[in-house]
Amino acid sequence: MNISIKNVSFSYTDCIDDAVLKDVNLQIESGECVVLAGESGSGKTTISKLINGLIPLYQSGTMAGDVLLGDKNTADMTLAEISRHVGSVFQNPRSQFFNIDTDSEIAFGCENLGMDPEEIRERVNRVVKEIHIEHLAGRNIFHLSGGEKQKIACASVNATDPDIFVLDEPSANLDLKTIADLAEIIKLWKSRGKTVVVVEHRLHYLRDVADRIVYVKDGRIDCEWTPAELEEKGPEYAASLGLRSLRLPSVVAALEERAQSIAETITFRNLTFSYQKKFPILDIPELSLPKGKITALLGHNGAGKSTLAQLVCGLRGSWSQKRAARKLGTYLIMQDVNHQLFTESVLDEVLLGMKPKDESAALEILDSLNLKSYAEKHPMALSGGQKQRVAIASGVSSNRDLIVFDEPTSGLDYRQMLAVSATLKALANRGKTLFVITHDPELVLNCCHHVIRMDHGRIVEQYSL
Amino acid sequence: MPNVKTTGKKSSNTLVRDLVNVGIFAALYIVLAFLSSSVGYIPALIVFSTGSIALVTSIPLFLFFSKIERSILCCLIFCGFFGTAMFVMGQGILMLSISLLVGLLAGVALKVFGKGFAGLFSANIILCLMSSSMMLPLWTSTEEYLEYTRTMCDAGYVAKLAELSQSPWPLVAIYAFGILGAVVGGFIARRVMKKHFERIGLAK
Amino acid sequence: MKLDPRTKLFLAIVANSVILSAPPVYSVLMFAVPAILLLFEKKWKFVLAFFSLYLAAVLGFEHLKTMDVGRVGTLAVSTMMIVSRMMPITIVLYYVMQTTKANEFMAGMSRMHVPNKVTIPLTVMIRFFPTVFDESRAIGNAMKMRGIRLFSLQTLKNPFAILEYRLIPLLVSLTKIGDELSVAASTRGLAPETRRTCIVPVGFHAQDLIVFVYCLIVAACFVIASRAKQSIFDIISAIFC
């Protein structure tokens, strides 16, 4: 089924003045795999909403132009009709599922379309085999990791067997292994002759799958290349456009063996945690973090990284562990920043953790993070990257020495990642010790001094860079 | 621009959004109502429990009212859930009927007064009548209600309740405090909406 | 031993009404049903824990209620009484929640001709209870880290601030998740007009009839006994002797 986007302009109701899309024309042939790339806010997600019908049927705004699926105009269809032909996978794994158990979730789309139960069961079984998720069948979705949830989401849209798949930054919260699995799923769809549209700024896993990469800038389609063409232009070109590199840098290749011992460290002992005696989630006898430096924590989903972060910051664990953490002075910048923004203005947010409250010092902190002009704005009204910087600012103002970051760059484009990297380096220069949990090799290579790798609750390797 | 149209209009495509909102806010409402009504376990403060429920739930209710497109349907279903929960807990058909009536009236208020402060405020007050009615059976079918509470609390508490049921004034006080809680909560909620939600863009 | 969701609903309603208004004997009769059914589902631990707690509360209450234990003791005794009364309801609800899936529930409802417009919000509500607690806990953690505590000088100066700090991030978070959920469900064809099918077979079997009749008998006994204002045992012995 072809997709034709003809002369589409669109703006959201809340900001009539900046049209998000300006006269977009795009033709996607049946069986193509197209990547919509661009910086945050460029409009690429909005274009994907044209394909799955959210615009014009769900999202309020003003639109000009037409979108045709095959030869039918989407404005004349209902979302339910469109869902027969277009399957969508979104960015955030935890808010996509309707059911509590995996089998029902995979069957969800088919059930909505009123298919015969026998047929639905066949399809579910087929899909589970194709995507190799037999180990996830019959489980509680709340207990799965982000990567596993995302695979269930892919299985769910796969079951209805649509002609077109639309994926909106599906790799945002995933570790490298799961991203590789995701690439395999997309290859599978392509081999079936399906059309796949992926909105991304992380391009490395799509190098071998994509037919063309369409670059979106300021609401317009700027140019397009084949992956080979883009690669030829070199990594600096991609970086200048705000895109992550096409070839993923390998952290392993840049490592040196850690021979020397580090001058000053913050050491944690006996970091153990388990829900049941038999299955320890964490088993780390000693963890040393070099003071005033940035240490990265790598590991697959489920290796225990978040639990370690919570233990170190005193949010979990026994009384003594919590007391030790409080004495040390730790601060956690959470993955979901919405959980830690409380006040009505950015300035108040920074002042909240300060004792005693010093407005000029707060403004100085904001300035160092390029947030001074946003001092009066509501923290929740800012973009993702800005919210993160506000959370970091309040971390700085709390005057604690160890700051832990949980996935600070998931979903950020290249420029934003560089901004975070610069912020981290500035914090280290102030004497703070930083502990960064991340899947992002580019961030690690950009600013981290040491690397610790975890697997199944234990520390496996430690290196300096 | 030629051929310009508004998108996302109210249609069968946006119904799911409204229904999901009803589900979420109903879950939140029940949790908050349960937590803030625990004030009523202290016998002297029974009369204030309805006020605290109304106060605390005003903020999420204001947000709920401003988000739903189909006011009457959503309020009816929302209150229907609460009423059915009461019915299942053994409170009888009276509570269910009151809840449905309250839902209908609240939805109508929103339609008539619009989504401005007047509409949100009046809908909030109407809704607090539902949670305030939780103790109504104590006066309408006293014996049964006392039997019911006898299973849940000790004799001293039940005696206090029996005492209260002798005259209609405590009932009036319960409703009065409930409405007071909704009024105060309404003003707080308006401040919160202005201070936060409107600036975030979650509410208009 | 699968029960149709409609049977489970009937069981829950009858059990709750009986437990809340009848003498403890009936409570035991009613909650025995989900307890047995849970054993079929291999939830040994829960049933064991439940029984231990229940027995402790009942025995504790019976033993202590006539003694004078002072103010604090009275509070403990009343707690035990509330616990022993509320626990049977817990096991009934736990059984229903644990063994019924969302789509199964929706299918049962639609068989009873309850419109989708009602079952969809109901399903979402049930699915969201754990989410409300998870988000709330995460926000609580964040507050702890900022040093915002419930009992501190700051709170006394401005009590509404605590409410604000607790509620606003929760509302923003829930709204965001809700919007994303609506979008994910809508783009997968969820529409109230369409009649959904269900991958889980829904229908009545022998075990449903057994449970149904059992509930009716227990309820009937209670009604008869309370009307006659006599104990049910007296009535039965009067009939048979």
# chains A, B, ... in the order shown; residues from 1 in each chain; ligands from 1
$ closest_atom_pairs --of "chain A" --to "chain B" --cutoff "9 Å" --atoms "only C-alpha atoms" --output "JSON lines"
{"residue": "A:Ser9", "atom": "CA", "partner": "B:Met1", "partner_atom": "CA", "distance": 8.7}
{"residue": "A:Thr13", "atom": "CA", "partner": "B:Thr6", "partner_atom": "CA", "distance": 9.0}
{"residue": "A:Asp14", "atom": "CA", "partner": "B:Gly201", "partner_atom": "CA", "distance": 7.7}
{"residue": "A:Leu54", "atom": "CA", "partner": "B:Gly8", "partner_atom": "CA", "distance": 8.0}
{"residue": "A:Ile55", "atom": "CA", "partner": "B:Thr7", "partner_atom": "CA", "distance": 6.7}
{"residue": "A:Pro56", "atom": "CA", "partner": "B:Thr7", "partner_atom": "CA", "distance": 4.6}
{"residue": "A:Leu57", "atom": "CA", "partner": "B:Gly8", "partner_atom": "CA", "distance": 4.8}
{"residue": "A:Tyr58", "atom": "CA", "partner": "B:Gly8", "partner_atom": "CA", "distance": 4.2}
{"residue": "A:Gln59", "atom": "CA", "partner": "B:Gly8", "partner_atom": "CA", "distance": 4.5}
{"residue": "A:Ser60", "atom": "CA", "partner": "B:Gly8", "partner_atom": "CA", "distance": 4.1}
{"residue": "A:Gly61", "atom": "CA", "partner": "B:Thr7", "partner_atom": "CA", "distance": 5.2}
{"residue": "A:Thr62", "atom": "CA", "partner": "B:Thr6", "partner_atom": "CA", "distance": 4.5}
{"residue": "A:Met63", "atom": "CA", "partner": "B:Lys5", "partner_atom": "CA", "distance": 5.4}
{"residue": "A:Ala64", "atom": "CA", "partner": "B:Val4", "partner_atom": "CA", "distance": 4.4}
{"residue": "A:Gly65", "atom": "CA", "partner": "B:Asn3", "partner_atom": "CA", "distance": 6.7}
{"residue": "A:Thr78", "atom": "CA", "partner": "B:Asn13", "partner_atom": "CA", "distance": 6.5}
{"residue": "A:Leu79", "atom": "CA", "partner": "B:Asn13", "partner_atom": "CA", "distance": 5.9}
{"residue": "A:Ala80", "atom": "CA", "partner": "B:Asn13", "partner_atom": "CA", "distance": 7.8}
{"residue": "A:Thr343", "atom": "CA", "partner": "B:His196", "partner_atom": "CA", "distance": 8.4}
{"residue": "A:Glu344", "atom": "CA", "partner": "B:His196", "partner_atom": "CA", "distance": 6.1}
{"residue": "A:Lys377", "atom": "CA", "partner": "B:Arg199", "partner_atom": "CA", "distance": 8.3}
{"residue": "A:His378", "atom": "CA", "partner": "B:Arg199", "partner_atom": "CA", "distance": 6.5}
{"residue": "A:Pro379", "atom": "CA", "partner": "B:Ile200", "partner_atom": "CA", "distance": 8.1}
{"residue": "A:Met380", "atom": "CA", "partner": "B:Ile200", "partner_atom": "CA", "distance": 5.7}
{"residue": "A:Ala381", "atom": "CA", "partner": "B:Ile200", "partner_atom": "CA", "distance": 4.4}
{"residue": "A:Leu382", "atom": "CA", "partner": "B:Ile200", "partner_atom": "CA", "distance": 8.2}
$ write_last_selection --atoms "N, CA and C atoms" --output "mmCIF file, in the first residue's frame"
data_model
loop_
_atom_site.group_PDB
_atom_site.id
_atom_site.type_symbol
_atom_site.label_atom_id
_atom_site.label_comp_id
_atom_site.auth_asym_id
_atom_site.auth_seq_id
_atom_site.Cartn_x
_atom_site.Cartn_y
_atom_site.Cartn_z
ATOM 1 N N SER A 9 0.198 20.918 5.473
ATOM 2 C CA SER A 9 0.686 21.839 6.497
ATOM 3 C C SER A 9 -0.164 21.608 7.726
ATOM 4 N N THR A 13 -3.240 22.965 18.020
ATOM 5 C CA THR A 13 -4.168 23.999 18.511
ATOM 6 C C THR A 13 -3.519 24.956 19.469
ATOM 7 N N ASP A 14 -2.600 24.437 20.297
ATOM 8 C CA ASP A 14 -2.073 25.278 21.360
ATOM 9 C C ASP A 14 -1.092 26.324 20.861
ATOM 10 N N LEU A 54 -3.573 9.621 13.271
ATOM 11 C CA LEU A 54 -3.817 10.440 14.455
ATOM 12 C C LEU A 54 -4.082 11.885 14.046
ATOM 13 N N ILE A 55 -3.374 12.311 12.978
ATOM 14 C CA ILE A 55 -3.759 13.550 12.321
ATOM 15 C C ILE A 55 -4.408 13.131 11.022
ATOM 16 N N PRO A 56 -5.586 13.457 10.671
ATOM 17 C CA PRO A 56 -6.467 14.443 11.270
ATOM 18 C C PRO A 56 -7.538 13.926 12.222
ATOM 19 N N LEU A 57 -7.506 12.641 12.593
ATOM 20 C CA LEU A 57 -8.673 12.110 13.295
ATOM 21 C C LEU A 57 -8.639 12.267 14.809
ATOM 22 N N TYR A 58 -7.483 12.431 15.391
ATOM 23 C CA TYR A 58 -7.394 12.394 16.854
ATOM 24 C C TYR A 58 -6.811 13.682 17.429
ATOM 25 N N GLN A 59 -5.740 14.159 16.829
ATOM 26 C CA GLN A 59 -4.993 15.303 17.335
ATOM 27 C C GLN A 59 -5.676 16.590 16.912
ATOM 28 N N SER A 60 -5.904 17.500 17.880
ATOM 29 C CA SER A 60 -6.577 18.725 17.463
ATOM 30 C C SER A 60 -5.593 19.741 16.922
ATOM 31 N N GLY A 61 -5.993 20.394 15.850
ATOM 32 C CA GLY A 61 -5.119 21.375 15.212
ATOM 33 C C GLY A 61 -5.762 21.828 13.918
ATOM 34 N N THR A 62 -4.965 22.510 13.081
ATOM 35 C CA THR A 62 -5.473 22.902 11.761
ATOM 36 C C THR A 62 -4.584 22.303 10.702
ATOM 37 N N MET A 63 -5.232 21.793 9.658
ATOM 38 C CA MET A 63 -4.487 21.075 8.646
ATOM 39 C C MET A 63 -4.911 21.489 7.250
ATOM 40 N N ALA A 64 -3.931 21.528 6.360
ATOM 41 C CA ALA A 64 -4.233 21.711 4.947
ATOM 42 C C ALA A 64 -3.540 20.583 4.215
ATOM 43 N N GLY A 65 -4.112 20.176 3.084
ATOM 44 C CA GLY A 65 -3.485 19.114 2.313
ATOM 45 C C GLY A 65 -4.149 17.780 2.584
ATOM 46 N N THR A 78 -12.022 5.953 9.524
ATOM 47 C CA THR A 78 -11.981 6.048 10.985
ATOM 48 C C THR A 78 -10.657 5.441 11.452
ATOM 49 N N LEU A 79 -10.280 5.761 12.691
ATOM 50 C CA LEU A 79 -9.029 5.218 13.234
ATOM 51 C C LEU A 79 -9.058 3.691 13.236
ATOM 52 N N ALA A 80 -10.222 3.127 13.521
ATOM 53 C CA ALA A 80 -10.314 1.668 13.560
ATOM 54 C C ALA A 80 -10.033 1.088 12.177
ATOM 55 N N THR A 343 7.613 22.378 41.510
ATOM 56 C CA THR A 343 7.150 23.755 41.735
ATOM 57 C C THR A 343 6.667 24.411 40.460
ATOM 58 N N GLU A 344 6.328 25.704 40.601
ATOM 59 C CA GLU A 344 5.711 26.398 39.483
ATOM 60 C C GLU A 344 6.682 27.189 38.632
ATOM 61 N N LYS A 377 9.667 30.253 33.900
ATOM 62 C CA LYS A 377 8.758 29.315 33.227
ATOM 63 C C LYS A 377 8.430 28.130 34.126
ATOM 64 N N HIS A 378 7.296 27.496 33.843
ATOM 65 C CA HIS A 378 6.901 26.311 34.592
ATOM 66 C C HIS A 378 7.753 25.133 34.144
ATOM 67 N N PRO A 379 8.351 24.403 35.103
ATOM 68 C CA PRO A 379 9.263 23.317 34.716
ATOM 69 C C PRO A 379 8.608 22.277 33.810
ATOM 70 N N MET A 380 7.330 21.970 34.053
ATOM 71 C CA MET A 380 6.698 20.910 33.259
ATOM 72 C C MET A 380 6.365 21.355 31.841
ATOM 73 N N ALA A 381 6.485 22.659 31.586
ATOM 74 C CA ALA A 381 6.157 23.139 30.243
ATOM 75 C C ALA A 381 7.370 23.102 29.327
ATOM 76 N N LEU A 382 8.530 22.740 29.865
ATOM 77 C CA LEU A 382 9.737 22.746 29.055
ATOM 78 C C LEU A 382 9.882 21.443 28.276
#
$ interface_residues --of "chain C" --to "chain B" --cutoff "9 Å" --atoms "only C-alpha atoms" --output "VMD selection string"
chain C and resid 12 to 14 16 to 23 77 to 79 81 to 86 117 to 118 120 to 129 132 163 to 164 167 to 168 171 to 172 174 to 175 178 to 179 181 to 183 185 to 186 190 to 193
$ write_last_selection --atoms "N, CA and C atoms" --output "short mmCIF file (atom, residue, chain, number, x, y, z; two decimals), in the first residue's frame"
data_model
loop_
_atom_site.label_atom_id
_atom_site.label_comp_id
_atom_site.auth_asym_id
_atom_site.auth_seq_id
_atom_site.Cartn_x
_atom_site.Cartn_y
_atom_site.Cartn_z
N ALA C 12 -18.46 -12.45 44.07
CA ALA C 12 -17.95 -11.28 44.79
C ALA C 12 -19.08 -10.49 45.42
N ILE C 13 -20.15 -10.28 44.68
CA ILE C 13 -21.26 -9.48 45.20
C ILE C 13 -21.92 -10.18 46.38
N VAL C 14 -22.26 -11.45 46.19
CA VAL C 14 -22.92 -12.19 47.28
C VAL C 14 -21.99 -12.25 48.49
N ASN C 16 -19.54 -10.29 49.43
CA ASN C 16 -19.41 -9.01 50.12
C ASN C 16 -20.64 -8.69 50.93
N SER C 17 -21.82 -8.86 50.33
CA SER C 17 -23.05 -8.54 51.08
C SER C 17 -23.17 -9.41 52.31
N VAL C 18 -22.91 -10.70 52.13
CA VAL C 18 -23.04 -11.62 53.26
C VAL C 18 -22.01 -11.31 54.33
N ILE C 19 -20.76 -11.14 53.93
CA ILE C 19 -19.70 -10.93 54.91
C ILE C 19 -19.94 -9.66 55.72
N LEU C 20 -20.46 -8.63 55.05
CA LEU C 20 -20.61 -7.38 55.76
C LEU C 20 -21.83 -7.33 56.66
N SER C 21 -22.80 -8.20 56.43
CA SER C 21 -23.99 -8.06 57.27
C SER C 21 -24.31 -9.29 58.09
N ALA C 22 -23.57 -10.35 57.88
CA ALA C 22 -23.95 -11.59 58.55
C ALA C 22 -22.95 -11.97 59.63
N PRO C 23 -23.37 -12.86 60.53
CA PRO C 23 -22.44 -13.34 61.56
C PRO C 23 -21.24 -14.05 60.93
N VAL C 77 -7.34 -3.57 69.78
CA VAL C 77 -8.45 -4.53 69.71
C VAL C 77 -9.40 -4.17 68.57
N SER C 78 -9.71 -2.88 68.44
CA SER C 78 -10.62 -2.51 67.34
C SER C 78 -9.99 -2.77 65.99
N THR C 79 -8.65 -2.55 65.93
CA THR C 79 -7.99 -2.87 64.67
C THR C 79 -8.15 -4.34 64.34
N MET C 81 -10.46 -6.25 65.23
CA MET C 81 -11.83 -6.54 64.82
C MET C 81 -12.06 -6.14 63.37
N ILE C 82 -11.59 -4.94 63.01
CA ILE C 82 -11.75 -4.48 61.63
C ILE C 82 -11.06 -5.45 60.69
N VAL C 83 -9.84 -5.85 61.07
CA VAL C 83 -9.09 -6.78 60.22
C VAL C 83 -9.87 -8.08 60.03
N SER C 84 -10.38 -8.62 61.14
CA SER C 84 -11.05 -9.92 61.01
C SER C 84 -12.33 -9.80 60.20
N ARG C 85 -12.91 -8.61 60.17
CA ARG C 85 -14.11 -8.44 59.37
C ARG C 85 -13.79 -8.19 57.91
N MET C 86 -12.74 -7.41 57.66
CA MET C 86 -12.45 -7.00 56.29
C MET C 86 -11.70 -8.07 55.51
N LYS C 117 -18.89 1.15 26.31
CA LYS C 117 -18.59 2.48 26.87
C LYS C 117 -18.39 2.39 28.37
N VAL C 118 -18.95 1.34 29.00
CA VAL C 118 -18.77 1.18 30.44
C VAL C 118 -17.59 0.26 30.74
N ILE C 120 -14.84 -0.35 28.97
CA ILE C 120 -13.51 0.19 28.68
C ILE C 120 -12.99 1.03 29.85
N PRO C 121 -13.75 2.01 30.35
CA PRO C 121 -13.23 2.76 31.50
C PRO C 121 -13.03 1.86 32.71
N LEU C 122 -13.88 0.87 32.88
CA LEU C 122 -13.73 -0.02 34.03
C LEU C 122 -12.43 -0.79 33.95
N THR C 123 -12.12 -1.31 32.77
CA THR C 123 -10.87 -2.04 32.58
C THR C 123 -9.67 -1.14 32.81
N VAL C 124 -9.75 0.08 32.27
CA VAL C 124 -8.65 1.03 32.45
C VAL C 124 -8.46 1.33 33.92
N MET C 125 -9.57 1.50 34.63
CA MET C 125 -9.49 1.82 36.05
C MET C 125 -8.75 0.72 36.81
N ILE C 126 -9.13 -0.53 36.53
CA ILE C 126 -8.49 -1.63 37.21
C ILE C 126 -7.01 -1.71 36.85
N ARG C 127 -6.70 -1.50 35.59
CA ARG C 127 -5.32 -1.58 35.15
C ARG C 127 -4.50 -0.44 35.72
N PHE C 128 -5.17 0.66 36.10
CA PHE C 128 -4.43 1.82 36.55
C PHE C 128 -4.15 1.86 38.03
N PHE C 129 -4.86 1.06 38.82
CA PHE C 129 -4.60 1.11 40.26
C PHE C 129 -3.12 0.86 40.59
N VAL C 132 -1.08 3.94 39.65
CA VAL C 132 -1.20 5.07 40.58
C VAL C 132 -0.22 4.89 41.73
N LEU C 163 0.38 18.88 49.85
CA LEU C 163 -0.65 18.36 48.94
C LEU C 163 -0.27 18.64 47.50
N GLU C 164 0.21 19.87 47.29
CA GLU C 164 0.61 20.27 45.94
C GLU C 164 1.75 19.40 45.44
N LEU C 167 0.42 15.88 44.73
CA LEU C 167 -0.59 15.69 43.68
C LEU C 167 -0.16 16.14 42.29
N ILE C 168 0.51 17.30 42.20
CA ILE C 168 0.76 17.85 40.87
C ILE C 168 1.61 16.92 39.99
N LEU C 171 -0.54 13.99 38.97
CA LEU C 171 -1.55 14.28 37.95
C LEU C 171 -0.89 14.44 36.58
N VAL C 172 0.23 15.15 36.54
CA VAL C 172 0.90 15.34 35.25
C VAL C 172 1.33 13.98 34.68
N LEU C 174 0.15 10.93 35.42
CA LEU C 174 -0.98 10.08 35.03
C LEU C 174 -1.61 10.57 33.73
N THR C 175 -1.69 11.89 33.58
CA THR C 175 -2.28 12.44 32.36
C THR C 175 -1.45 12.02 31.15
N GLY C 178 -1.93 8.40 30.50
CA GLY C 178 -3.27 8.21 29.97
C GLY C 178 -3.37 8.59 28.51
N ASP C 179 -2.79 9.73 28.15
CA ASP C 179 -2.84 10.15 26.75
C ASP C 179 -2.13 9.14 25.86
N LEU C 181 -1.62 6.02 26.46
CA LEU C 181 -2.39 4.78 26.41
C LEU C 181 -3.56 4.90 25.44
N SER C 182 -4.26 6.04 25.48
CA SER C 182 -5.39 6.24 24.57
C SER C 182 -4.93 6.14 23.13
N VAL C 183 -3.79 6.79 22.84
CA VAL C 183 -3.28 6.77 21.47
C VAL C 183 -2.92 5.35 21.07
N ALA C 185 -4.08 2.56 22.23
CA ALA C 185 -5.27 1.73 22.07
C ALA C 185 -6.05 2.11 20.82
N SER C 186 -6.16 3.42 20.56
CA SER C 186 -6.93 3.87 19.39
C SER C 186 -6.28 3.41 18.10
N LEU C 190 -9.17 0.05 18.97
CA LEU C 190 -10.17 0.00 20.03
C LEU C 190 -11.27 1.00 19.74
N ALA C 191 -12.48 0.50 19.58
CA ALA C 191 -13.59 1.39 19.28
C ALA C 191 -14.82 0.83 19.97
N PRO C 192 -15.51 1.66 20.73
CA PRO C 192 -16.65 1.15 21.49
C PRO C 192 -17.77 0.57 20.64
N GLU C 193 -17.86 1.00 19.37
CA GLU C 193 -18.97 0.50 18.56
C GLU C 193 -18.75 -0.94 18.15
#
$ closest_residue --among "A:Phe90, A:Tyr374, A:Phe268, A:Phe273" --to "chain C" --atoms "only C-alpha atoms"
A:Phe90
$ closest_residue --among "C:Val33, C:Pro130, C:Tyr94, C:Glu62" --to "His143 of chain A" --atoms "only C-alpha atoms"
C:Pro130
$ residues_around --residues "segment 127-134 of chain A" --least-positions-apart "5" --cutoff "9 Å" --atoms "only C-alpha atoms" --output "count of residues only"
14
$ atom_distance --atom1 "atom CA of Ile199 of chain C" --atom2 "atom CA of Met112 of chain C"
17.7 Å
$ select_by_dssp --residues "segment 106-148 of chain A" --states "alpha helix (DSSP H)" --output "ChimeraX atom specification"
/A:106-112,117-130,146-148
